[in-house]
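S.K.: Pasting a structure below so you can have a look.
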Amino acid sequence: MSRSAPRVVLVNPNTTASMTEIALRAAREVAAPGTVLVGRTSPTGPASIESHVDESLCVPGLLQAVAEETDADAFVVACFGDPGVEAVRELTGVPVVGIAEAAMKSATLLGRTFSVVTTLERTIGRARDLVTRHGLTAQCAGLHACDIPVLELETDPDGTYDRLLKVSAEVLRHDDCDVLVLGCAGMADLPGRLAAELGVPVVDGVAAATTMAEGLVRQGLVPRREGELAPPVPKAYTGVMGQVVPAAVRLSTPGDPPASTP
């Protein structure tokens, strides 16, 4: 059955609360009347996600935040690497939308080709992996970095916007693409301004993922709970993971302190 007032939880997998607020504002600007939006910041992990180590270390906090939201109708994972999306789908059984997948698939509806403009050069490999995984290689004209550290988007907003605008204009000339995709949740407040100056559609993944998530809920659609996305097989999880993994898929290990049930 569809829900007329879906409860969508936006989870920021890093620990920077101000970035959660940027993403939540962008989500609220596009959400339909009646949609309840909740922002959650990961309780543990890196302050920003800019490496494979960061992506790995952010997942336990992401899962903890998700496990504490027991009445969510859908989740948005607000990091362009889409970390932990499959794990959240396994644990929850509700629609879970990563902002990279949402942004790139939305871009394919707006033009023949799109290019991604992200933060650091070292993150392009992960973005390329996602392009391939989602079958969008033919539509992706290029992946480009503007060499802006994620946290600098907040500490130097004017300087980083000027840099992002310059790189984006160069990307349009070089790739001859139809659409730009912003490759960081910290850029969620910039697409309208960039689109006005550049004259092309600019897609922010937070907005795209929010509308997709609420749309799936309103249609009454949920993921299949068999095969790959079935709940994890119950087993023992030691140490901190015993508090991150919900009790429904966790067995106690002798000697471990009891973990609270989210």
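In the structure tokens, the first chain shown is A, the next is B, and so on; residue numbers restart at 1 for each chain, and ligands run from 1 in the order shown.
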Could you pull the residues within 7 Å of A:Thr210, counting only C-alpha atoms, minus those fewer than 6 positions along the same chain, as a list in words?
M.R.: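 These residues fall inside the cut-off: Ala27, Ala31 and Val76 of chain A.
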S.K.: Emit the selected residues as an mmCIF file, in the first residue's frame, including C-alpha atoms.
M.R.:
data_model
loop_
_atom_site.group_PDB
_atom_site.id
_atom_site.type_symbol
_atom_site.label_atom_id
_atom_site.label_comp_id
_atom_site.auth_asym_id
_atom_site.auth_seq_id
_atom_site.Cartn_x
_atom_site.Cartn_y
_atom_site.Cartn_z
ATOM 1 C CA ALA A 27 16.176 17.634 0.286
ATOM 2 C CA ALA A 31 10.322 17.034 -1.199
ATOM 3 C CA VAL A 76 18.904 8.300 1.391
#
S.K.: Would you list the contacts of A:Ala103 as number ranges by chain, taking every protein, DNA or RNA residue within 12 Å and counting only C-alpha atoms, but skipping same-chain residues closer than 3 positions in sequence?
M.R.: A: 78-82, 97-100, 106-110, 114-117, 127, 130-131, 134, 136, 140, 179-185, 188, 191, 201-212
S.K.: Got a sec: who's within 12 Å of A:Val217, counting only C-alpha atoms, leaving out chain neighbours fewer than 3 positions off, as an mmCIF file with all heavy atoms, in the first residue's frame?
M.R.:
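Final file, out07.cif:
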data_model
loop_
_atom_site.group_PDB
_atom_site.id
_atom_site.type_symbol
_atom_site.label_atom_id
_atom_site.label_comp_id
_atom_site.auth_asym_id
_atom_site.auth_seq_id
_atom_site.Cartn_x
_atom_site.Cartn_y
_atom_site.Cartn_z
ATOM 1 N N MET A 1 0.847 -1.194 0.000
ATOM 2 C CA MET A 1 0.000 0.000 0.000
ATOM 3 C C MET A 1 0.881 1.243 0.000
ATOM 4 O O MET A 1 1.893 1.301 0.681
ATOM 5 C CB MET A 1 -0.926 -0.001 1.222
ATOM 6 C CG MET A 1 -1.842 1.224 1.324
ATOM 7 S SD MET A 1 -2.899 1.146 2.796
ATOM 8 C CE MET A 1 -3.863 -0.318 2.424
ATOM 9 N N SER A 2 0.494 2.243 -0.763
ATOM 10 C CA SER A 2 1.283 3.464 -0.828
ATOM 11 C C SER A 2 1.102 4.275 0.447
ATOM 12 O O SER A 2 0.108 4.147 1.155
ATOM 13 C CB SER A 2 0.871 4.301 -2.042
ATOM 14 O OG SER A 2 -0.464 4.724 -1.906
ATOM 15 N N ARG A 3 2.086 5.121 0.734
ATOM 16 C CA ARG A 3 2.017 5.997 1.884
ATOM 17 C C ARG A 3 1.854 7.421 1.389
ATOM 18 O O ARG A 3 2.619 7.902 0.557
ATOM 19 C CB ARG A 3 3.305 5.891 2.701
ATOM 20 C CG ARG A 3 3.459 4.587 3.472
ATOM 21 C CD ARG A 3 2.595 4.588 4.721
ATOM 22 N NE ARG A 3 2.999 5.628 5.649
ATOM 23 C CZ ARG A 3 3.904 5.442 6.606
ATOM 24 N NH1 ARG A 3 4.520 4.284 6.733
ATOM 25 N NH2 ARG A 3 4.215 6.425 7.434
ATOM 26 N N SER A 4 0.829 8.127 1.901
ATOM 27 C CA SER A 4 0.607 9.505 1.484
ATOM 28 C C SER A 4 1.591 10.457 2.134
ATOM 29 O O SER A 4 1.825 11.552 1.638
ATOM 30 C CB SER A 4 -0.826 9.919 1.838
ATOM 31 O OG SER A 4 -1.048 9.785 3.225
ATOM 32 N N ALA A 5 2.186 10.067 3.272
ATOM 33 C CA ALA A 5 3.145 10.911 3.979
ATOM 34 C C ALA A 5 4.366 10.074 4.349
ATOM 35 O O ALA A 5 4.543 9.664 5.491
ATOM 36 C CB ALA A 5 2.518 11.523 5.224
ATOM 37 N N PRO A 6 5.224 9.773 3.377
ATOM 38 C CA PRO A 6 6.384 8.922 3.657
ATOM 39 C C PRO A 6 7.373 9.584 4.605
ATOM 40 O O PRO A 6 7.541 10.804 4.608
ATOM 41 C CB PRO A 6 6.999 8.706 2.279
ATOM 42 C CG PRO A 6 6.538 9.860 1.459
ATOM 43 C CD PRO A 6 5.170 10.201 1.966
ATOM 44 N N ARG A 7 8.034 8.771 5.398
ATOM 45 C CA ARG A 7 9.086 9.236 6.299
ATOM 46 C C ARG A 7 10.425 8.816 5.703
ATOM 47 O O ARG A 7 10.775 7.635 5.704
ATOM 48 C CB ARG A 7 8.915 8.645 7.692
ATOM 49 C CG ARG A 7 9.858 9.243 8.741
ATOM 50 C CD ARG A 7 9.517 8.708 10.121
ATOM 51 N NE ARG A 7 10.199 9.438 11.166
ATOM 52 C CZ ARG A 7 11.425 9.144 11.632
ATOM 53 N NH1 ARG A 7 12.070 8.119 11.109
ATOM 54 N NH2 ARG A 7 11.976 9.858 12.587
ATOM 55 N N VAL A 8 11.148 9.792 5.167
ATOM 56 C CA VAL A 8 12.416 9.539 4.492
ATOM 57 C C VAL A 8 13.543 10.024 5.399
ATOM 58 O O VAL A 8 13.560 11.183 5.823
ATOM 59 C CB VAL A 8 12.483 10.256 3.127
ATOM 60 C CG1 VAL A 8 13.838 10.046 2.471
ATOM 61 C CG2 VAL A 8 11.358 9.759 2.219
ATOM 62 N N ALA A 32 8.015 16.497 -1.651
ATOM 63 C CA ALA A 32 6.598 16.773 -1.850
ATOM 64 C C ALA A 32 5.941 17.155 -0.533
ATOM 65 O O ALA A 32 6.408 16.763 0.549
ATOM 66 C CB ALA A 32 5.913 15.539 -2.439
ATOM 67 N N THR A 35 5.723 14.886 2.909
ATOM 68 C CA THR A 35 6.872 14.024 3.170
ATOM 69 C C THR A 35 7.586 14.487 4.431
ATOM 70 O O THR A 35 7.877 15.674 4.599
ATOM 71 C CB THR A 35 7.856 14.031 1.991
ATOM 72 O OG1 THR A 35 7.222 13.455 0.849
ATOM 73 C CG2 THR A 35 9.114 13.232 2.312
ATOM 74 N N VAL A 36 7.863 13.558 5.318
ATOM 75 C CA VAL A 36 8.596 13.843 6.550
ATOM 76 C C VAL A 36 10.063 13.516 6.302
ATOM 77 O O VAL A 36 10.410 12.372 6.000
ATOM 78 C CB VAL A 36 8.058 13.007 7.723
ATOM 79 C CG1 VAL A 36 8.869 13.289 8.980
ATOM 80 C CG2 VAL A 36 6.580 13.303 7.951
ATOM 81 N N ALA A 72 11.382 4.256 9.591
ATOM 82 C CA ALA A 72 11.641 4.921 8.312
ATOM 83 C C ALA A 72 10.975 4.161 7.175
ATOM 84 O O ALA A 72 10.962 2.925 7.150
ATOM 85 C CB ALA A 72 13.141 5.026 8.064
ATOM 86 N N ASP A 73 10.421 4.892 6.230
ATOM 87 C CA ASP A 73 9.857 4.286 5.021
ATOM 88 C C ASP A 73 10.892 4.168 3.914
ATOM 89 O O ASP A 73 10.724 3.369 2.984
ATOM 90 C CB ASP A 73 8.678 5.123 4.509
ATOM 91 C CG ASP A 73 7.524 5.132 5.485
ATOM 92 O OD1 ASP A 73 7.098 4.042 5.909
ATOM 93 O OD2 ASP A 73 7.053 6.231 5.830
ATOM 94 N N ALA A 74 11.959 4.977 3.976
ATOM 95 C CA ALA A 74 13.013 4.935 2.969
ATOM 96 C C ALA A 74 14.229 5.659 3.537
ATOM 97 O O ALA A 74 14.118 6.474 4.459
ATOM 98 C CB ALA A 74 12.570 5.593 1.663
ATOM 99 N N PHE A 75 15.393 5.337 2.966
ATOM 100 C CA PHE A 75 16.639 5.983 3.368
ATOM 101 C C PHE A 75 17.335 6.572 2.150
ATOM 102 O O PHE A 75 17.312 6.000 1.058
ATOM 103 C CB PHE A 75 17.594 4.981 4.030
ATOM 104 C CG PHE A 75 17.166 4.531 5.393
ATOM 105 C CD1 PHE A 75 16.407 3.386 5.547
ATOM 106 C CD2 PHE A 75 17.523 5.252 6.522
ATOM 107 C CE1 PHE A 75 16.008 2.959 6.797
ATOM 108 C CE2 PHE A 75 17.125 4.843 7.783
ATOM 109 C CZ PHE A 75 16.366 3.682 7.929
ATOM 110 N N GLY A 93 15.034 -3.529 4.412
ATOM 111 C CA GLY A 93 13.913 -3.990 3.587
ATOM 112 C C GLY A 93 13.036 -2.876 3.051
ATOM 113 O O GLY A 93 11.945 -3.128 2.540
ATOM 114 N N VAL A 94 13.515 -1.615 3.129
ATOM 115 C CA VAL A 94 12.773 -0.484 2.563
ATOM 116 C C VAL A 94 13.624 0.121 1.453
ATOM 117 O O VAL A 94 14.818 -0.176 1.335
ATOM 118 C CB VAL A 94 12.443 0.583 3.634
ATOM 119 C CG1 VAL A 94 11.612 -0.029 4.762
ATOM 120 C CG2 VAL A 94 13.715 1.223 4.179
ATOM 121 N N PRO A 95 13.052 0.984 0.602
ATOM 122 C CA PRO A 95 13.865 1.612 -0.441
ATOM 123 C C PRO A 95 15.055 2.378 0.142
ATOM 124 O O PRO A 95 14.914 3.132 1.104
ATOM 125 C CB PRO A 95 12.876 2.561 -1.126
ATOM 126 C CG PRO A 95 11.542 1.929 -0.908
ATOM 127 C CD PRO A 95 11.620 1.335 0.467
ATOM 128 N N VAL A 96 16.212 2.154 -0.445
ATOM 129 C CA VAL A 96 17.446 2.834 -0.044
ATOM 130 C C VAL A 96 18.082 3.385 -1.309
ATOM 131 O O VAL A 96 18.363 2.624 -2.243
ATOM 132 C CB VAL A 96 18.425 1.881 0.669
ATOM 133 C CG1 VAL A 96 19.696 2.630 1.075
ATOM 134 C CG2 VAL A 96 17.758 1.235 1.877
ATOM 135 N N VAL A 97 18.311 4.685 -1.354
ATOM 136 C CA VAL A 97 18.809 5.328 -2.565
ATOM 137 C C VAL A 97 20.120 6.037 -2.252
ATOM 138 O O VAL A 97 20.184 6.879 -1.357
ATOM 139 C CB VAL A 97 17.792 6.337 -3.127
ATOM 140 C CG1 VAL A 97 18.284 6.888 -4.464
ATOM 141 C CG2 VAL A 97 16.422 5.692 -3.298
ATOM 142 N N THR A 210 16.271 12.062 -2.952
ATOM 143 C CA THR A 210 15.098 12.331 -2.107
ATOM 144 C C THR A 210 13.807 12.106 -2.876
ATOM 145 O O THR A 210 12.889 11.440 -2.394
ATOM 146 C CB THR A 210 15.150 13.768 -1.573
ATOM 147 O OG1 THR A 210 16.330 13.934 -0.776
ATOM 148 C CG2 THR A 210 13.925 14.088 -0.737
ATOM 149 N N THR A 211 13.722 12.662 -4.075
ATOM 150 C CA THR A 211 12.493 12.504 -4.848
ATOM 151 C C THR A 211 12.290 11.059 -5.290
ATOM 152 O O THR A 211 11.155 10.578 -5.358
ATOM 153 C CB THR A 211 12.495 13.441 -6.061
ATOM 154 O OG1 THR A 211 13.672 13.210 -6.851
ATOM 155 C CG2 THR A 211 12.475 14.895 -5.628
ATOM 156 N N MET A 212 13.376 10.357 -5.586
ATOM 157 C CA MET A 212 13.245 8.944 -5.935
ATOM 158 C C MET A 212 12.750 8.128 -4.742
ATOM 159 O O MET A 212 11.863 7.275 -4.881
ATOM 160 C CB MET A 212 14.592 8.386 -6.405
ATOM 161 C CG MET A 212 14.989 8.796 -7.797
ATOM 162 S SD MET A 212 16.512 7.937 -8.295
ATOM 163 C CE MET A 212 16.751 8.670 -9.922
ATOM 164 N N ALA A 213 13.324 8.376 -3.578
ATOM 165 C CA ALA A 213 12.949 7.610 -2.392
ATOM 166 C C ALA A 213 11.477 7.819 -2.038
ATOM 167 O O ALA A 213 10.732 6.856 -1.807
ATOM 168 C CB ALA A 213 13.836 8.006 -1.215
ATOM 169 N N GLU A 214 11.041 9.079 -2.015
ATOM 170 C CA GLU A 214 9.649 9.310 -1.659
ATOM 171 C C GLU A 214 8.714 8.785 -2.743
ATOM 172 O O GLU A 214 7.614 8.297 -2.447
ATOM 173 C CB GLU A 214 9.392 10.789 -1.374
ATOM 174 C CG GLU A 214 9.546 11.712 -2.556
ATOM 175 C CD GLU A 214 9.275 13.172 -2.203
ATOM 176 O OE1 GLU A 214 8.913 13.456 -1.056
ATOM 177 O OE2 GLU A 214 9.434 14.027 -3.098
ATOM 178 N N GLY A 220 4.248 2.411 -3.110
ATOM 179 C CA GLY A 220 4.127 1.169 -2.357
ATOM 180 C C GLY A 220 5.140 0.117 -2.758
ATOM 181 O O GLY A 220 4.905 -1.083 -2.581
ATOM 182 N N LEU A 221 6.290 0.533 -3.288
ATOM 183 C CA LEU A 221 7.299 -0.405 -3.768
ATOM 184 C C LEU A 221 8.379 -0.620 -2.714
ATOM 185 O O LEU A 221 8.865 0.326 -2.095
ATOM 186 C CB LEU A 221 7.941 0.134 -5.045
ATOM 187 C CG LEU A 221 6.996 0.294 -6.245
ATOM 188 C CD1 LEU A 221 7.715 0.993 -7.394
ATOM 189 C CD2 LEU A 221 6.463 -1.060 -6.688
ATOM 190 N N VAL A 222 8.738 -1.885 -2.514
ATOM 191 C CA VAL A 222 9.803 -2.246 -1.580
ATOM 192 C C VAL A 222 10.733 -3.243 -2.260
ATOM 193 O O VAL A 222 10.326 -3.949 -3.187
ATOM 194 C CB VAL A 222 9.250 -2.853 -0.276
ATOM 195 C CG1 VAL A 222 8.430 -1.836 0.491
ATOM 196 C CG2 VAL A 222 8.422 -4.094 -0.572
ATOM 197 N N PRO A 223 11.987 -3.319 -1.812
ATOM 198 C CA PRO A 223 12.916 -4.269 -2.429
ATOM 199 C C PRO A 223 12.493 -5.717 -2.182
ATOM 200 O O PRO A 223 11.837 -6.038 -1.188
ATOM 201 C CB PRO A 223 14.249 -3.975 -1.721
ATOM 202 C CG PRO A 223 14.089 -2.615 -1.132
ATOM 203 C CD PRO A 223 12.636 -2.487 -0.799
#
S.K.: Please measure the separation of atom CA of A:Leu37 and atom CA of A:Thr92, giving the value in Å to one decimal.
M.R.: 17.3 Å
S.K.: Looking only at the backbone, which of the residues in stretch 30-77 of chain A does DSSP tag as strand (DSSP E or B), as number ranges by chain?
M.R.: A: 36-41, 74-77
S.K.: Could you write out the selected residues, including N, CA, C and O atoms, as a PDB file, in the first residue's frame?
M.R.:
ATOM      1  N   VAL A  36       7.863  13.558   5.318  1.00  0.00           N
ATOM      2  CA  VAL A  36       8.596  13.843   6.550  1.00  0.00           C
ATOM      3  C   VAL A  36      10.063  13.516   6.302  1.00  0.00           C
ATOM      4  O   VAL A  36      10.410  12.372   6.000  1.00  0.00           O
ATOM      5  N   LEU A  37      10.919  14.517   6.406  1.00  0.00           N
ATOM      6  CA  LEU A  37      12.350  14.337   6.187  1.00  0.00           C
ATOM      7  C   LEU A  37      13.093  14.429   7.510  1.00  0.00           C
ATOM      8  O   LEU A  37      12.895  15.365   8.291  1.00  0.00           O
ATOM      9  N   VAL A  38      13.955  13.453   7.750  1.00  0.00           N
ATOM     10  CA  VAL A  38      14.756  13.412   8.967  1.00  0.00           C
ATOM     11  C   VAL A  38      16.223  13.314   8.570  1.00  0.00           C
ATOM     12  O   VAL A  38      16.583  12.511   7.700  1.00  0.00           O
ATOM     13  N   GLY A  39      17.065  14.122   9.167  1.00  0.00           N
ATOM     14  CA  GLY A  39      18.496  14.060   8.904  1.00  0.00           C
ATOM     15  C   GLY A  39      19.228  13.375  10.039  1.00  0.00           C
ATOM     16  O   GLY A  39      18.964  13.651  11.207  1.00  0.00           O
ATOM     17  N   ARG A  40      20.124  12.466   9.708  1.00  0.00           N
ATOM     18  CA  ARG A  40      20.955  11.787  10.700  1.00  0.00           C
ATOM     19  C   ARG A  40      22.415  11.894  10.303  1.00  0.00           C
ATOM     20  O   ARG A  40      22.761  11.704   9.137  1.00  0.00           O
ATOM     21  N   THR A  41      23.254  12.185  11.276  1.00  0.00           N
ATOM     22  CA  THR A  41      24.697  12.224  11.071  1.00  0.00           C
ATOM     23  C   THR A  41      25.302  10.984  11.693  1.00  0.00           C
ATOM     24  O   THR A  41      24.935  10.595  12.809  1.00  0.00           O
ATOM     25  N   ALA A  74      11.959   4.977   3.976  1.00  0.00           N
ATOM     26  CA  ALA A  74      13.013   4.935   2.969  1.00  0.00           C
ATOM     27  C   ALA A  74      14.229   5.659   3.537  1.00  0.00           C
ATOM     28  O   ALA A  74      14.118   6.474   4.459  1.00  0.00           O
ATOM     29  N   PHE A  75      15.393   5.337   2.966  1.00  0.00           N
ATOM     30  CA  PHE A  75      16.639   5.983   3.368  1.00  0.00           C
ATOM     31  C   PHE A  75      17.335   6.572   2.150  1.00  0.00           C
ATOM     32  O   PHE A  75      17.312   6.000   1.058  1.00  0.00           O
ATOM     33  N   VAL A  76      17.987   7.714   2.361  1.00  0.00           N
ATOM     34  CA  VAL A  76      18.904   8.300   1.391  1.00  0.00           C
ATOM     35  C   VAL A  76      20.293   8.283   2.020  1.00  0.00           C
ATOM     36  O   VAL A  76      20.480   8.769   3.135  1.00  0.00           O
ATOM     37  N   VAL A  77      21.262   7.697   1.316  1.00  0.00           N
ATOM     38  CA  VAL A  77      22.649   7.679   1.785  1.00  0.00           C
ATOM     39  C   VAL A  77      23.369   8.836   1.106  1.00  0.00           C
ATOM     40  O   VAL A  77      23.618   8.812  -0.103  1.00  0.00           O
TER      41      VAL A  77
END
S.K.: Residues near A:Thr119, anyone? I mean within 12 Å using only C-alpha atoms, not counting same-chain ones fewer than 3 positions away, as JSON, numbers by chain.
M.R.: {"A": [48, 49, 50, 51, 79, 80, 81, 116, 122, 123, 124, 127, 143, 144, 145, 146, 147, 148, 149, 150, 151, 152, 153, 160, 161, 163, 164, 167, 168, 181, 182, 183, 184, 185, 186, 187]}
S.K.: What does the distance between atom CA of A:Leu24 and atom CA of A:Leu10 come to in Å, to one decimal place?
M.R.: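 Between atom CA of A:Leu24 and atom CA of A:Leu10 the gap works out to 7.1 Å.
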S.K.: Could you state the separation of atom CA of A:Arg133 and atom CA of A:Gly84 in Å, given to one decimal place?
M.R.: 14.7 Å
S.K.: Per DSSP on the backbone, filter stretch 81-255 of chain A down to the residues in alpha helix (DSSP H) and report them as a ChimeraX atom specification.
M.R.: /A:85-92,99-107,124-133,152-155,157-175,191-198,205-218,241-244
S.K.: Hey, which of A:Pro46, A:Gly135, A:Pro231, A:Gly61 ends up closest to A:Glu90? Count only C-alpha atoms.
M.R.: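 Among A:Pro46, A:Gly135, A:Pro231, A:Gly61, it is A:Pro231 that comes nearest to A:Glu90.
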S.K.: Rank nothing, just name the residue among A:Ala141, A:Pro246, A:Ala47, A:Ala196 nearest to A:Thr70, using only C-alpha atoms.
M.R.: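 The answer is A:Pro246, which sits nearest to A:Thr70.
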S.K.: Point out the residue among A:Arg250, A:Thr155, A:Ala236, A:Val245 with the least atom-to-atom distance to A:Gln64, counting only C-alpha atoms.
M.R.: A:Val245
S.K.: Taking only C-alpha atoms into account, name the residue in A:Cys177, A:Leu63, A:Leu120, A:Met104 that is nearest to A:Thr132.
M.R.: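 That would be A:Met104, the residue with the smallest distance to A:Thr132.
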